[in-house]
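What follows is my_file27.tsv (TSV, C-alpha atoms).
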chain	number	residue	atom	x	y	z
Z	1259	MET	CA	0.00	0.00	0.00
Z	1260	LYS	CA	1.00	3.64	-0.45
Z	1261	LEU	CA	1.50	6.19	2.32
Z	1262	LYS	CA	2.18	9.92	2.24
Z	1263	LEU	CA	4.83	10.89	4.80
Z	1264	VAL	CA	5.40	14.44	6.03
Z	1265	PHE	CA	8.10	15.83	8.34
Z	1266	PHE	CA	8.17	19.09	10.30
Z	1267	ALA	CA	10.54	21.45	12.12
Z	1268	ASN	CA	13.97	20.02	12.96
Z	1269	PHE	CA	13.04	16.61	11.54
Z	1270	ARG	CA	12.41	18.22	8.14
Z	1271	GLU	CA	15.78	20.00	8.37
Z	1272	LEU	CA	17.77	17.01	9.65
Z	1273	LEU	CA	16.28	14.74	6.98
Z	1274	ASP	CA	16.43	17.46	4.32
Z	1275	CYS	CA	12.96	16.22	3.35
Z	1276	ALA	CA	9.52	17.82	3.82
Z	1277	GLY	CA	7.74	14.66	2.73
Z	1278	GLU	CA	7.70	11.63	0.46
Z	1279	ASN	CA	5.46	8.83	-0.73
Z	1280	ILE	CA	6.41	5.29	0.23
Z	1281	GLU	CA	5.27	1.74	-0.47
Z	1282	ILE	CA	4.87	-0.61	2.48
Z	1283	LYS	CA	3.19	-3.96	3.13
Z	1284	ALA	CA	-0.58	-3.94	3.77
Z	1285	GLY	CA	-1.45	-3.87	7.46
Z	1286	ALA	CA	1.75	-2.04	8.42
Z	1287	THR	CA	1.87	-0.01	11.62
Z	1288	VAL	CA	3.59	3.32	12.30
Z	1289	SER	CA	6.42	1.27	13.87
Z	1290	ASP	CA	6.86	-0.60	10.59
Z	1291	VAL	CA	7.19	2.75	8.81
Z	1292	CYS	CA	9.87	3.82	11.31
Z	1293	HIS	CA	11.70	0.54	10.76
Z	1294	GLN	CA	11.64	1.05	6.99
Z	1295	LEU	CA	12.86	4.68	7.28
Z	1296	ALA	CA	15.67	3.66	9.66
Z	1297	GLN	CA	17.17	1.56	6.85
Z	1298	LYS	CA	18.35	4.84	5.34
Z	1299	ASP	CA	21.53	6.47	6.58
Z	1300	GLY	CA	22.45	9.23	9.03
Z	1301	SER	CA	19.60	11.27	10.42
Z	1302	TRP	CA	16.98	8.77	9.22
Z	1303	GLN	CA	18.55	6.12	11.42
Z	1304	ALA	CA	19.04	8.56	14.33
Z	1305	ILE	CA	15.36	9.55	14.36
Z	1306	PHE	CA	13.58	6.35	13.33
Z	1307	LEU	CA	15.64	3.50	14.79
Z	1308	ASN	CA	14.05	2.99	18.22
Z	1309	PRO	CA	12.15	6.31	18.07
Z	1310	SER	CA	12.16	8.14	21.40
Z	1311	GLN	CA	9.33	9.85	23.28
Z	1312	SER	CA	10.25	13.02	21.43
Z	1313	VAL	CA	9.20	11.55	18.08
Z	1314	LYS	CA	5.54	12.50	17.75
Z	1315	VAL	CA	3.30	11.00	15.11
Z	1316	ALA	CA	-0.01	12.00	13.55
Z	1317	VAL	CA	-2.06	9.83	11.20
Z	1318	ASN	CA	-4.42	11.74	8.91
Z	1319	GLN	CA	-3.78	14.82	11.05
Z	1320	GLN	CA	-4.82	13.21	14.35
Z	1321	MET	CA	-2.26	12.47	17.08
Z	1322	SER	CA	-1.43	8.78	17.04
Z	1323	GLU	CA	0.85	6.09	18.48
Z	1324	LEU	CA	3.54	3.79	17.09
Z	1325	ASN	CA	1.25	0.74	17.26
Z	1326	GLN	CA	-1.42	2.38	15.05
Z	1327	THR	CA	-2.30	0.20	12.03
Z	1328	LEU	CA	-2.27	2.14	8.77
Z	1329	LEU	CA	-4.48	2.03	5.69
Z	1330	ASP	CA	-3.66	2.65	2.04
Z	1331	GLY	CA	-3.43	6.39	1.33
Z	1332	ASP	CA	-2.91	7.45	4.95
Z	1333	GLU	CA	-0.95	10.65	5.67
Z	1334	VAL	CA	1.63	9.97	8.38
Z	1335	ALA	CA	3.41	12.94	9.95
Z	1336	PHE	CA	6.50	12.85	12.17
Z	1337	PHE	CA	7.54	15.84	14.25
Z	1338	PRO	CA	9.18	16.88	17.55
Z	1339	PRO	CA	7.11	18.02	20.57
Z	1340	VAL	CA	5.23	21.23	19.74
Z	1341	THR	CA	6.45	24.66	20.92
Z	1342	GLY	CA	3.84	27.21	19.80
Z	1343	GLY	CA	2.12	30.00	21.67
R	415	MET	CA	-26.04	29.93	28.30
R	416	SER	CA	-27.33	27.57	25.63
R	417	ARG	CA	-26.12	29.44	22.59
R	418	VAL	CA	-23.16	28.21	20.57
R	419	PRO	CA	-20.25	30.63	21.00
R	420	ASP	CA	-18.82	32.54	18.03
R	421	LYS	CA	-15.42	31.12	17.18
R	422	LYS	CA	-12.67	32.68	15.12
R	423	ILE	CA	-9.48	30.74	14.37
R	424	THR	CA	-6.83	32.29	12.13
R	425	ILE	CA	-3.28	31.25	11.34
R	426	SER	CA	-1.57	34.17	9.68
R	427	ALA	CA	1.72	34.85	7.94
R	428	GLN	CA	0.92	38.57	8.26
R	429	ALA	CA	1.46	40.75	11.34
R	430	LEU	CA	-1.46	40.53	13.79
R	431	GLU	CA	-3.77	43.55	13.65
R	432	LEU	CA	-4.33	43.98	17.36
R	433	ASP	CA	-6.66	47.00	17.04
R	434	ALA	CA	-9.02	45.06	14.76
R	435	LEU	CA	-8.81	41.95	16.97
R	436	ASN	CA	-9.55	43.97	20.09
R	437	GLY	CA	-12.48	45.54	18.28
R	438	LEU	CA	-13.87	42.12	17.44
R	439	ALA	CA	-13.25	40.84	20.98
R	440	HIS	CA	-15.16	43.77	22.46
R	441	ALA	CA	-18.11	43.84	20.04
R	442	ASN	CA	-20.96	43.52	22.49
R	443	GLN	CA	-24.75	43.96	22.42
R	444	GLY	CA	-24.97	43.43	26.17
R	445	GLU	CA	-24.61	39.63	26.10
R	446	THR	CA	-21.05	39.79	27.46
R	447	GLY	CA	-20.02	41.03	30.90
R	448	ALA	CA	-16.35	40.10	30.74
R	449	VAL	CA	-13.75	40.11	27.97
R	450	VAL	CA	-10.28	38.65	28.59
R	451	THR	CA	-7.57	39.07	25.97
R	452	PHE	CA	-4.06	37.63	25.97
R	453	THR	CA	-1.24	38.54	23.60
R	454	GLY	CA	2.01	36.56	23.53
R	455	ALA	CA	5.00	38.29	21.91
R	456	VAL	CA	8.58	37.48	20.86
R	457	ARG	CA	10.79	38.14	23.87
R	458	ALA	CA	14.37	39.37	23.49
R	459	THR	CA	15.54	40.13	27.03
R	460	GLU	CA	19.11	39.68	28.28
R	461	GLU	CA	18.23	36.13	29.28
R	462	ASP	CA	17.39	35.40	25.68
R	463	ASN	CA	21.01	35.95	24.81
R	464	GLY	CA	20.88	38.16	21.72
R	465	LEU	CA	17.75	36.83	20.08
R	466	THR	CA	17.20	38.57	16.73
R	467	GLY	CA	13.98	36.90	15.64
R	468	MET	CA	11.90	33.78	15.49
R	469	THR	CA	10.46	31.58	12.76
R	470	LEU	CA	7.20	29.77	13.41
R	471	GLU	CA	6.24	26.70	11.40
R	472	HIS	CA	3.00	24.73	11.59
R	473	TYR	CA	1.20	21.71	10.15
R	474	PRO	CA	-1.42	23.26	7.83
R	475	GLY	CA	-4.78	21.63	8.29
R	476	MET	CA	-3.98	19.75	11.48
R	477	THR	CA	-3.29	22.93	13.43
R	478	GLU	CA	-6.67	24.46	12.57
R	479	THR	CA	-8.43	21.20	13.51
R	480	GLN	CA	-6.66	21.05	16.86
R	481	LEU	CA	-7.42	24.67	17.67
R	482	ALA	CA	-11.10	24.03	16.86
R	483	GLN	CA	-11.06	21.02	19.21
R	484	ILE	CA	-9.51	23.12	21.99
R	485	LEU	CA	-12.21	25.80	21.58
R	486	ASP	CA	-14.95	23.13	21.57
R	487	ASP	CA	-13.46	21.75	24.78
R	488	ALA	CA	-13.46	25.24	26.34
R	489	ALA	CA	-17.11	25.73	25.28
R	490	ARG	CA	-18.07	22.53	27.15
R	491	ARG	CA	-16.31	23.71	30.33
R	492	TRP	CA	-17.43	27.35	30.50
R	493	ARG	CA	-20.32	29.50	29.30
R	494	LEU	CA	-18.73	31.57	26.56
R	495	ASN	CA	-20.17	33.93	23.97
R	496	ARG	CA	-17.11	34.28	21.79
R	497	MET	CA	-13.59	32.89	21.45
R	498	ILE	CA	-10.83	34.19	19.21
R	499	VAL	CA	-7.47	32.55	18.55
R	500	VAL	CA	-5.05	34.09	16.06
R	501	HIS	CA	-1.52	32.68	15.70
R	502	ARG	CA	1.37	33.92	13.60
R	503	VAL	CA	3.59	31.82	11.39
R	504	GLY	CA	6.68	32.85	9.42
R	505	PHE	CA	9.48	35.16	10.56
R	506	LEU	CA	8.82	37.46	13.55
R	507	GLN	CA	10.93	40.30	14.93
R	508	PRO	CA	11.48	40.78	18.68
R	509	GLY	CA	8.38	42.36	20.22
R	510	GLU	CA	5.99	41.16	17.50
R	511	PRO	CA	2.84	39.41	18.68
R	512	ILE	CA	2.86	35.62	18.22
R	513	VAL	CA	-0.59	34.75	19.49
R	514	PHE	CA	-3.81	36.56	20.42
R	515	VAL	CA	-6.57	34.91	22.46
R	516	ALA	CA	-9.86	36.46	23.51
R	517	THR	CA	-12.67	34.96	25.54
R	518	CYS	CA	-16.05	36.61	26.18
R	519	SER	CA	-18.41	35.51	28.92
R	520	LEU	CA	-21.04	36.81	31.32
R	521	HIS	CA	-18.62	36.81	34.24
R	522	ARG	CA	-14.89	37.35	34.60
R	523	LYS	CA	-13.97	34.03	36.23
R	524	GLU	CA	-15.15	32.03	33.26
R	525	ALA	CA	-13.46	34.35	30.77
R	526	PHE	CA	-10.15	34.25	32.71
R	527	ALA	CA	-10.23	30.47	33.12
R	528	ALA	CA	-11.12	29.83	29.48
R	529	ALA	CA	-8.33	32.11	28.20
R	530	GLU	CA	-5.75	30.38	30.38
R	531	PHE	CA	-7.03	26.94	29.41
R	532	ILE	CA	-6.90	27.78	25.69
R	533	MET	CA	-3.29	29.02	25.98
R	534	ASP	CA	-2.16	26.02	28.07
R	535	TYR	CA	-3.72	23.57	25.63
R	536	LEU	CA	-2.48	25.46	22.57
R	537	LYS	CA	1.09	25.34	23.87
R	538	GLN	CA	0.85	21.62	24.59
R	539	LYS	CA	-1.24	20.34	21.66
R	540	ALA	CA	-1.27	22.65	18.64
R	541	THR	CA	1.24	21.75	15.91
R	542	PHE	CA	3.42	24.86	15.91
R	543	TRP	CA	7.21	24.87	16.20
R	544	LYS	CA	9.50	27.81	17.02
R	545	LYS	CA	12.98	28.36	15.69
R	546	GLU	CA	15.01	31.07	17.43
R	547	HIS	CA	17.51	33.16	15.50
R	548	PHE	CA	20.63	34.71	17.02
R	549	GLY	CA	22.14	36.63	14.12
R	550	SER	CA	23.37	33.96	11.69
R	551	ARG	CA	22.85	31.11	14.19
R	552	ALA	CA	19.48	29.45	14.76
R	553	HIS	CA	18.07	26.56	16.74
R	554	TRP	CA	14.72	24.88	17.27
R	555	VAL	CA	13.13	25.54	20.65
R	556	GLU	CA	12.72	22.45	22.84
R	557	ALA	CA	9.44	21.69	24.56
R	558	LYS	CA	9.33	22.58	28.27
R	559	ALA	CA	8.11	20.19	30.98
R	560	SER	CA	6.42	23.17	32.67
R	561	ASP	CA	4.15	23.59	29.62
R	562	ALA	CA	3.09	19.93	29.86
R	563	GLU	CA	2.36	20.37	33.57
R	564	ALA	CA	0.33	23.52	32.87
R	565	ALA	CA	-1.91	21.60	30.45
R	566	GLU	CA	-2.31	18.61	32.77
R	567	ARG	CA	-3.92	20.60	35.57
R	568	TRP	CA	-7.16	21.20	33.60
Rewritten as structure tokens:
Amino acid sequence: MKLKLVFFANFRELLDCAGENIEIKAGATVSDVCHQLAQKDGSWQAIFLNPSQSVKVAVNQQMSELNQTLLDGDEVAFFPPVTGG
Amino acid sequence: MSRVPDKKITISAQALELDALNGLAHANQGETGAVVTFTGAVRATEEDNGLTGMTLEHYPGMTETQLAQILDDAARRWRLNRMIVVHRVGFLQPGEPIVFVATCSLHRKEAFAAAEFIMDYLKQKATFWKKEHFGSRAHWVEAKASDAEAAERW
């Protein structure tokens, strides 16, 4: 299935990537996405291999968790804790 | 109060027009007895170590949805006539307003509480990120535990 990934703030800068489309097996979870992204080098590995509490995730623009099961076409966002206001 | 409160949510790359926002906050046919407004601005005191500006980024779409959810939550907790939240994005100079919140109610306690609640939740939940600039250097602001604690008390 296809997913749309988006990255914000220092993740976007560290990865030098605002977003990308990926292919992943049907029934994959957010954790599976992290595992797939961690196969890439450098910052990808640093952020997505064993993602810490400071890796926040939203699925279709709702806050979510690593064990969330994804569906074809989902938008999955990764970002650090928010600092607005 | 059974009526649904007026809600205004704006995320703006333009400077906040505080006079116009204050005018809107204070528009009143007698239904409101208390208006609370809060404005947060870019601080550049000595403690901020030569801050020259700030860039605010957000997650378009998700941020608006979250702010709407926060205002709905406030409307369930207090009797409010009107709520306004306006938040800047883009590059801001020291002293420029970042966020404007207004709450309108019959009585001051509800307006005060709702304004504080909206700011505490916004800081903890809304998908905005700040990058501080110090001349040619810049870094992303890290989330503070005190902001999480402020949101947890509601």
Mind dumping a table of every chain R residue within 8 Å of chain Z, with the nearest atom pair and its distance in Å to one decimal, using all atoms listed in the file, sorted by chain and rising number, as JSON lines?
{"residue": "R:Gly454", "atom": "CA", "partner": "Z:Gly1343", "partner_atom": "CA", "distance": 6.8}
{"residue": "R:Leu470", "atom": "CA", "partner": "Z:Gly1342", "partner_atom": "CA", "distance": 7.7}
{"residue": "R:Glu471", "atom": "CA", "partner": "Z:Ala1267", "partner_atom": "CA", "distance": 6.8}
{"residue": "R:His472", "atom": "CA", "partner": "Z:Phe1266", "partner_atom": "CA", "distance": 7.8}
{"residue": "R:Tyr473", "atom": "CA", "partner": "Z:Phe1266", "partner_atom": "CA", "distance": 7.4}
{"residue": "R:Gly475", "atom": "CA", "partner": "Z:Gln1319", "partner_atom": "CA", "distance": 7.4}
{"residue": "R:Met476", "atom": "CA", "partner": "Z:Gln1319", "partner_atom": "CA", "distance": 5.0}
{"residue": "R:His501", "atom": "CA", "partner": "Z:Gly1343", "partner_atom": "CA", "distance": 7.5}
{"residue": "R:Ile512", "atom": "CA", "partner": "Z:Gly1343", "partner_atom": "CA", "distance": 6.6}
{"residue": "R:Val513", "atom": "CA", "partner": "Z:Gly1343", "partner_atom": "CA", "distance": 5.9}
{"residue": "R:Met533", "atom": "CA", "partner": "Z:Gly1343", "partner_atom": "CA", "distance": 7.0}
{"residue": "R:Leu536", "atom": "CA", "partner": "Z:Gly1343", "partner_atom": "CA", "distance": 6.5}
{"residue": "R:Lys537", "atom": "CA", "partner": "Z:Gly1343", "partner_atom": "CA", "distance": 5.3}
{"residue": "R:Gln538", "atom": "CA", "partner": "Z:Val1340", "partner_atom": "CA", "distance": 6.5}
{"residue": "R:Lys539", "atom": "CA", "partner": "Z:Val1340", "partner_atom": "CA", "distance": 6.8}
{"residue": "R:Ala540", "atom": "CA", "partner": "Z:Val1340", "partner_atom": "CA", "distance": 6.7}
{"residue": "R:Thr541", "atom": "CA", "partner": "Z:Val1340", "partner_atom": "CA", "distance": 5.6}
{"residue": "R:Phe542", "atom": "CA", "partner": "Z:Gly1342", "partner_atom": "CA", "distance": 4.6}
{"residue": "R:Trp543", "atom": "CA", "partner": "Z:Thr1341", "partner_atom": "CA", "distance": 4.8}
{"residue": "R:Lys544", "atom": "CA", "partner": "Z:Thr1341", "partner_atom": "CA", "distance": 5.9}
{"residue": "R:Trp554", "atom": "CA", "partner": "Z:Asn1268", "partner_atom": "CA", "distance": 6.5}
{"residue": "R:Val555", "atom": "CA", "partner": "Z:Thr1341", "partner_atom": "CA", "distance": 6.7}
{"residue": "R:Glu556", "atom": "CA", "partner": "Z:Thr1341", "partner_atom": "CA", "distance": 6.9}
{"residue": "R:Ala557", "atom": "CA", "partner": "Z:Thr1341", "partner_atom": "CA", "distance": 5.6}
Check: What does the distance between atom CA of Z:Phe1306 and atom CA of Z:Phe1336 come to in Å, to one decimal place?
Finding: 9.7 Å
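Candidate residues Z:Lys1262, Z:Lys1314, Z:Lys1298, Z:Arg1270 were compared for distance to Z:Leu1329, and the nearest is Z:Lys1262, using only C-alpha atoms.
When all atoms listed in the file are used to compute distances to R:Glu431, the closest of the residues R:Val450, R:Ile532, R:Val500, R:Ala516 turns out to be R:Val500.
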Next item on the list: Go ahead and compute the interatomic distance for atom CA of R:Trp492 and atom CA of R:Ser426, in Å to one decimal.
Entry: 27.0 Å
Margin query: So, with all atoms listed in the file as the atoms that count, which of R:Ile423, R:Phe452, R:Thr466, R:Gln428 lies closest to R:Gln483?
Written below: R:Ile423
Next item on the list: Just the residues within 10 Å of R:Glu546, please, counting all atoms listed in the file, with nothing from its chain fewer than 4 positions along; format it as number ranges by chain.
Entry: R: 456, 462, 465-470, 505-506, 551-555
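With all atoms listed in the file as the atoms that count, the residue of Z:Leu1324, Z:Ala1286, Z:Ile1305, Z:Val1315 with the shortest distance to Z:Leu1263 is Z:Val1315.
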Next item on the list: Extract, using all atoms listed in the file, all DNA, RNA and protein residues at most 7 Å from stretch 494-497 of chain R, discarding same-chain residues fewer than 3 positions from it, and format them as a VMD selection string.
Entry: chain R and resid 419 to 422 446 489 516 to 519
Note to self: Would you compute the distance between atom CA of Z:Asp1299 and atom CA of Z:Thr1287? Give it in Å to one decimal.
What the structure shows: 21.3 Å
Please enclose the listed atoms of stretch 479-493 of chain R in an axis-aligned box, pad each side by 5 Å, and write out the centre and the three edge lengths in Å, rounded to one decimal, as AutoDock Vina command-line options.
--center_x -13.5 --center_y 25.3 --center_z 22.0 --size_x 23.7 --size_y 18.5 --size_z 27.0
Item checked: Distance criterion (only C-alpha atoms): nearest to R:Ala528 out of R:Thr451, R:Ser550, R:Asn442, R:Asn436 -> R:Thr451
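Among the candidates R:Ala448, R:Ala525, R:Ala458, R:Leu430, the one nearest to R:Phe548 when counting all atoms listed in the file is R:Ala458.
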